[in-house]
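Heads up, data-v6.cif below (mmCIF, C-alpha atoms):
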data_model
#
loop_
_atom_site.label_atom_id
_atom_site.label_comp_id
_atom_site.auth_asym_id
_atom_site.auth_seq_id
_atom_site.Cartn_x
_atom_site.Cartn_y
_atom_site.Cartn_z
CA MET A 1 -3.80 21.29 22.89
CA ALA A 2 -1.53 18.30 22.31
CA ALA A 3 1.80 18.94 20.66
CA THR A 4 2.02 18.04 16.99
CA PRO A 5 3.96 14.80 16.62
CA GLU A 6 7.15 14.76 14.62
CA PHE A 7 7.35 12.54 11.57
CA ASP A 8 10.85 13.22 10.24
CA ASP A 9 12.09 9.72 11.06
CA LEU A 10 9.36 8.08 8.97
CA ARG A 11 9.75 6.79 5.43
CA ALA A 12 6.93 6.48 2.91
CA LEU A 13 6.68 4.80 -0.48
CA PHE A 14 4.12 5.80 -3.11
CA ILE A 15 3.68 3.27 -5.92
CA ASN A 16 1.78 4.56 -8.94
CA CYS A 17 0.03 1.76 -10.84
CA THR A 18 -0.92 3.80 -13.88
CA LEU A 19 -0.91 1.89 -17.18
CA LYS A 20 1.14 4.70 -18.75
CA ARG A 21 4.91 4.56 -18.99
CA SER A 22 6.99 7.65 -18.24
CA PRO A 23 7.13 10.40 -19.36
CA GLU A 24 3.43 10.26 -20.29
CA PRO A 25 1.43 12.34 -17.77
CA SER A 26 -0.37 10.33 -15.09
CA HIS A 27 -3.58 11.59 -13.49
CA THR A 28 -3.01 9.21 -10.60
CA GLN A 29 0.40 10.78 -10.02
CA GLY A 30 -1.26 14.20 -9.93
CA LEU A 31 -3.41 13.17 -6.96
CA MET A 32 -0.56 11.32 -5.29
CA GLU A 33 1.57 14.48 -5.41
CA ALA A 34 -0.89 16.22 -3.07
CA SER A 35 -0.31 13.58 -0.39
CA ILE A 36 3.43 13.41 -1.13
CA ALA A 37 3.74 17.19 -0.65
CA LEU A 38 2.04 16.98 2.76
CA MET A 39 4.32 14.19 3.89
CA ARG A 40 7.46 15.96 2.74
CA ALA A 41 6.29 19.15 4.44
CA ASN A 42 6.22 17.11 7.65
CA GLY A 43 9.77 15.90 7.14
CA VAL A 44 8.93 12.41 5.90
CA SER A 45 11.36 10.77 3.50
CA VAL A 46 9.29 9.85 0.43
CA ASP A 47 10.16 7.50 -2.42
CA THR A 48 8.01 7.22 -5.53
CA VAL A 49 7.80 4.43 -8.10
CA ARG A 50 5.88 4.19 -11.36
CA PHE A 51 5.49 0.43 -11.37
CA VAL A 52 5.02 0.00 -15.11
CA ASP A 53 8.41 1.61 -15.80
CA HIS A 54 10.17 -1.37 -14.21
CA ASP A 55 10.62 -4.80 -15.77
CA VAL A 56 8.71 -6.63 -13.05
CA ALA A 57 7.74 -10.20 -13.85
CA THR A 58 4.28 -11.61 -13.26
CA GLY A 59 3.94 -14.12 -10.45
CA VAL A 60 3.68 -14.78 -6.73
CA TYR A 61 7.26 -15.79 -5.88
CA PRO A 62 9.90 -13.44 -4.44
CA ASP A 63 12.15 -13.73 -7.50
CA MET A 64 10.51 -14.88 -10.71
CA ARG A 65 13.92 -15.34 -12.35
CA GLU A 66 14.01 -18.57 -10.36
CA HIS A 67 10.76 -19.61 -12.07
CA GLY A 68 11.55 -19.20 -15.75
CA TRP A 69 11.42 -15.42 -16.25
CA PRO A 70 14.49 -13.88 -17.93
CA ALA A 71 14.21 -10.66 -15.91
CA ASP A 72 12.52 -9.46 -12.73
CA ALA A 73 13.10 -5.99 -11.28
CA TRP A 74 11.02 -6.73 -8.17
CA PRO A 75 13.65 -8.20 -5.81
CA ASP A 76 16.41 -5.70 -6.60
CA GLU A 77 14.62 -2.46 -7.49
CA ILE A 78 11.20 -2.41 -5.80
CA TRP A 79 11.28 -4.73 -2.80
CA PRO A 80 14.10 -2.87 -0.94
CA LEU A 81 11.96 0.30 -1.02
CA VAL A 82 8.86 -1.58 0.20
CA GLU A 83 10.80 -3.25 3.00
CA ALA A 84 12.30 0.05 4.19
CA ALA A 85 9.04 2.03 4.17
CA ASP A 86 6.91 2.62 7.26
CA ILE A 87 4.05 3.73 5.02
CA LEU A 88 2.93 2.34 1.66
CA VAL A 89 0.43 4.20 -0.52
CA ILE A 90 -0.83 2.42 -3.63
CA GLY A 91 -2.33 4.64 -6.30
CA GLY A 92 -4.06 3.49 -9.44
CA PRO A 93 -6.78 4.02 -12.03
CA ILE A 94 -10.26 2.58 -12.38
CA TRP A 95 -10.89 0.45 -15.47
CA LEU A 96 -14.25 -1.26 -16.01
CA GLY A 97 -15.18 -0.43 -12.42
CA ASP A 98 -12.17 -2.20 -10.93
CA ASN A 99 -8.46 -1.82 -10.27
CA GLY A 100 -6.23 -1.86 -13.32
CA SER A 101 -3.97 -4.77 -14.19
CA ILE A 102 -0.82 -3.09 -12.86
CA THR A 103 -2.40 -2.62 -9.43
CA ARG A 104 -3.27 -6.29 -9.26
CA LYS A 105 0.23 -7.22 -10.37
CA LEU A 106 1.69 -5.14 -7.54
CA ILE A 107 -0.60 -6.77 -4.99
CA GLU A 108 0.54 -10.20 -6.19
CA ARG A 109 4.19 -9.27 -5.82
CA LEU A 110 3.58 -7.87 -2.33
CA TYR A 111 1.86 -11.14 -1.49
CA ALA A 112 4.91 -13.04 -2.71
CA MET A 113 6.95 -11.63 0.19
CA SER A 114 4.28 -12.05 2.86
CA GLY A 115 5.73 -15.26 4.26
CA MET A 116 8.92 -13.48 5.31
CA LEU A 117 9.34 -12.56 8.99
CA ASN A 118 10.40 -9.38 10.75
CA GLU A 119 12.77 -9.12 13.73
CA GLN A 120 9.95 -10.02 16.15
CA GLY A 121 9.13 -13.22 14.27
CA GLN A 122 5.93 -11.72 12.84
CA TYR A 123 5.04 -11.55 9.16
CA VAL A 124 7.20 -8.95 7.47
CA TYR A 125 4.53 -6.28 6.90
CA TYR A 126 3.53 -6.10 10.58
CA GLY A 127 4.21 -2.61 11.95
CA LYS A 128 3.70 -0.91 8.56
CA THR A 129 0.71 1.19 7.50
CA GLY A 130 -1.05 1.28 4.14
CA GLY A 131 -3.38 3.49 2.15
CA ALA A 132 -4.92 3.84 -1.33
CA LEU A 133 -5.48 6.66 -3.82
CA ILE A 134 -7.76 6.13 -6.83
CA THR A 135 -8.49 8.18 -9.95
CA GLY A 136 -10.76 7.72 -12.95
CA ASN A 137 -13.81 8.97 -14.81
CA GLU A 138 -16.11 6.05 -14.03
CA ASP A 139 -17.70 4.55 -10.92
CA GLY A 140 -15.74 2.15 -8.73
CA LEU A 141 -13.63 4.32 -6.43
CA LYS A 142 -14.67 2.69 -3.16
CA HIS A 143 -14.64 -0.79 -4.69
CA CYS A 144 -11.06 -0.31 -5.87
CA ALA A 145 -9.94 1.14 -2.54
CA LYS A 146 -11.49 -1.62 -0.45
CA SER A 147 -9.84 -4.28 -2.61
CA ILE A 148 -6.41 -2.70 -2.08
CA LEU A 149 -6.92 -2.10 1.62
CA TYR A 150 -8.26 -5.61 2.22
CA SER A 151 -5.22 -7.07 0.47
CA LEU A 152 -2.83 -4.92 2.49
CA GLN A 153 -4.34 -5.80 5.86
CA HIS A 154 -4.49 -9.47 4.94
CA ILE A 155 -0.73 -9.63 4.40
CA GLY A 156 0.02 -7.69 7.59
CA TYR A 157 -0.30 -3.94 7.04
CA THR A 158 -2.17 -1.91 9.65
CA ILE A 159 -4.87 0.27 8.09
CA PRO A 160 -5.86 3.55 9.79
CA PRO A 161 -9.31 5.13 9.58
CA GLY A 162 -9.98 7.00 6.36
CA ALA A 163 -7.10 5.26 4.60
CA ASP A 164 -8.29 6.03 1.07
CA ALA A 165 -9.12 8.98 -1.13
CA GLY A 166 -9.81 9.54 -4.79
CA TRP A 167 -11.37 11.54 -7.56
CA ILE A 168 -13.71 10.64 -10.39
CA GLY A 169 -15.28 13.01 -12.84
CA GLU A 170 -18.67 12.54 -14.41
CA VAL A 171 -19.36 8.90 -15.16
CA GLY A 172 -18.51 8.25 -18.78
CA PRO A 173 -16.16 9.95 -21.24
CA GLY A 174 -14.90 13.23 -19.91
CA PRO A 175 -11.92 15.04 -18.39
CA SER A 176 -9.57 13.20 -16.06
CA TYR A 177 -8.00 14.58 -12.89
CA LEU A 178 -5.26 16.76 -14.42
CA ASP A 179 -7.16 17.82 -17.54
CA PRO A 180 -7.91 21.56 -17.79
CA GLY A 181 -11.29 22.38 -16.34
CA SER A 182 -11.79 18.98 -14.68
CA GLY A 183 -12.15 20.50 -11.23
CA GLY A 184 -10.18 17.61 -9.77
CA PRO A 185 -7.31 19.47 -8.07
CA GLU A 186 -9.84 21.96 -6.61
CA ASN A 187 -12.37 19.40 -5.39
CA GLU A 188 -12.90 19.98 -1.66
CA PHE A 189 -14.14 16.45 -0.94
CA THR A 190 -11.09 14.91 -2.58
CA ASN A 191 -8.70 17.36 -0.97
CA ARG A 192 -10.19 16.82 2.49
CA ASN A 193 -10.07 13.04 2.21
CA THR A 194 -6.52 13.11 0.81
CA THR A 195 -5.41 15.30 3.71
CA PHE A 196 -7.12 13.13 6.33
CA MET A 197 -5.72 9.96 4.76
CA THR A 198 -2.20 11.40 4.79
CA TYR A 199 -2.29 12.43 8.44
CA ASN A 200 -4.03 9.24 9.55
CA LEU A 201 -1.21 7.27 7.94
CA LEU A 202 1.38 9.49 9.60
CA ASN A 203 -0.26 9.30 13.02
CA LEU A 204 -0.63 5.54 12.94
CA ALA A 205 2.92 5.08 11.66
CA ARG A 206 4.11 7.29 14.52
CA LEU A 207 2.22 5.20 17.10
CA LEU A 208 3.58 1.95 15.69
CA LYS A 209 7.16 3.18 15.48
CA ASP A 210 7.07 4.54 19.03
CA ALA A 211 5.69 1.21 20.22
CA GLY A 212 8.50 -0.71 18.54
CA GLY A 213 6.15 -2.11 15.91
CA PHE A 214 2.88 -4.00 16.16
CA PRO A 215 2.72 -5.82 19.52
CA ALA A 216 4.12 -9.33 19.18
CA ILE A 217 1.49 -10.92 21.42
CA GLY A 218 -0.16 -14.00 20.02
CA ASN A 219 1.00 -13.40 16.46
CA SER A 220 4.62 -14.53 16.14
CA ARG A 221 4.94 -17.02 13.32
CA ALA A 222 8.41 -17.93 14.55
CA ALA A 223 7.07 -18.77 18.01
CA TRP A 224 4.16 -20.72 16.50
CA ASN A 225 6.63 -22.75 14.45
CA ASP A 226 8.49 -23.50 17.69
CA GLY A 227 5.33 -24.91 19.28
CA GLU A 228 3.87 -21.88 21.10
CA ARG A 229 0.06 -21.92 20.89
CA TYR A 230 -0.80 -18.85 23.02
CA GLY A 231 -3.50 -20.70 24.93
CA PHE A 232 -5.28 -22.08 21.88
CA VAL A 233 -6.59 -25.60 22.49
CA SER A 234 -7.03 -27.76 19.42
CA ASN A 235 -10.18 -29.89 19.39
CA PRO A 236 -11.33 -28.91 22.88
CA GLU A 237 -13.43 -31.47 24.74
CA HIS A 238 -17.09 -31.17 23.80
CA ARG A 239 -19.12 -29.45 26.50
#
What do you get writing this file as structure tokens?
Amino acid sequence: MAATPEFDDLRALFINCTLKRSPEPSHTQGLMEASIALMRANGVSVDTVRFVDHDVATGVYPDMREHGWPADAWPDEIWPLVEAADILVIGGPIWLGDNGSITRKLIERLYAMSGMLNEQGQYVYYGKTGGALITGNEDGLKHCAKSILYSLQHIGYTIPPGADAGWIGEVGPGPSYLDPGSGGPENEFTNRNTTFMTYNLLNLARLLKDAGGFPAIGNSRAAWNDGERYGFVSNPEHR
């Protein structure tokens, strides 16, 4: 049997996109804590952010204070944690069958930084892994997760298998994840998927870190800017 890898040099960031400000209880946070506990038990350094608690401006530029907003917590409070993390997990609620407004706002701010480059000349999120956790009491779990995961891979995150988990109660009004009698924290399907997601993120982050990041073969924006085309021929002769 292969030795269990060590993860104590990894850093993870969980961003909760609940619509509720602290200290109001968050059902999404309840599910996120299950994954957070597993990561911390494996020695991972974990940071958590409730996005709505921070005065983050709306927009798709790195610092919206340069575009007319009087305040923007993104560049000073949130971005340093994102940049330092090997693993990003976005958690959020389902509203009207889709991700809530705060989740979309986070995705837009992540996108704002996607033109930055890492030390290998790749886009800045290359070499990082991403996952999604969703809660609600209406349909839309997989739709919400695929939207988050598509967005993350598009800007450069590497997505492992089984990179999402979630819980929904009966469709329609009813108990949410942390409500007494909901069955959420005891749900085997949710707990299994949350566990698999957590370890898949850890294992992929381990592989990437040991490899020195995502291979910089054919994907360096810096090299492309300098004229490297990696064998691509523009407008090849018609055959």
Practice item. Report the residues retrieved by the PyMOL selection byres ((chain A and resi 129) around 6) from the displayed file, expressed as a PyMOL selection string. Key: chain A and resi 87+128+130+157-159
Exercise for review: Using the chain letters and numbers from the file, give me the residues hit by the PyMOL selection byres ((chain A and resi 220-224) around 9), as number ranges by chain.
Suggested key: A: 117, 120-123, 216-219, 225-230
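Between atom CA of Leu202 of chain A and atom CA of Gly136 of chain A the interatomic distance comes to 25.7 Å.
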Exercise for review: Carefully work through the PyMOL selection byres ((chain A and resi 125) around 10) for this structure and note down the residues it includes, as a ChimeraX atom specification.
Suggested key: /A:82-83,85-86,110,113-118,122-124,126-130,152-158,214
Practice item. Using all atoms listed in the file, find all polymer residues with an atom at most 12 Å away from the point (6.3, 13.7, 20.4); report them as a count of residues only. Key: 13
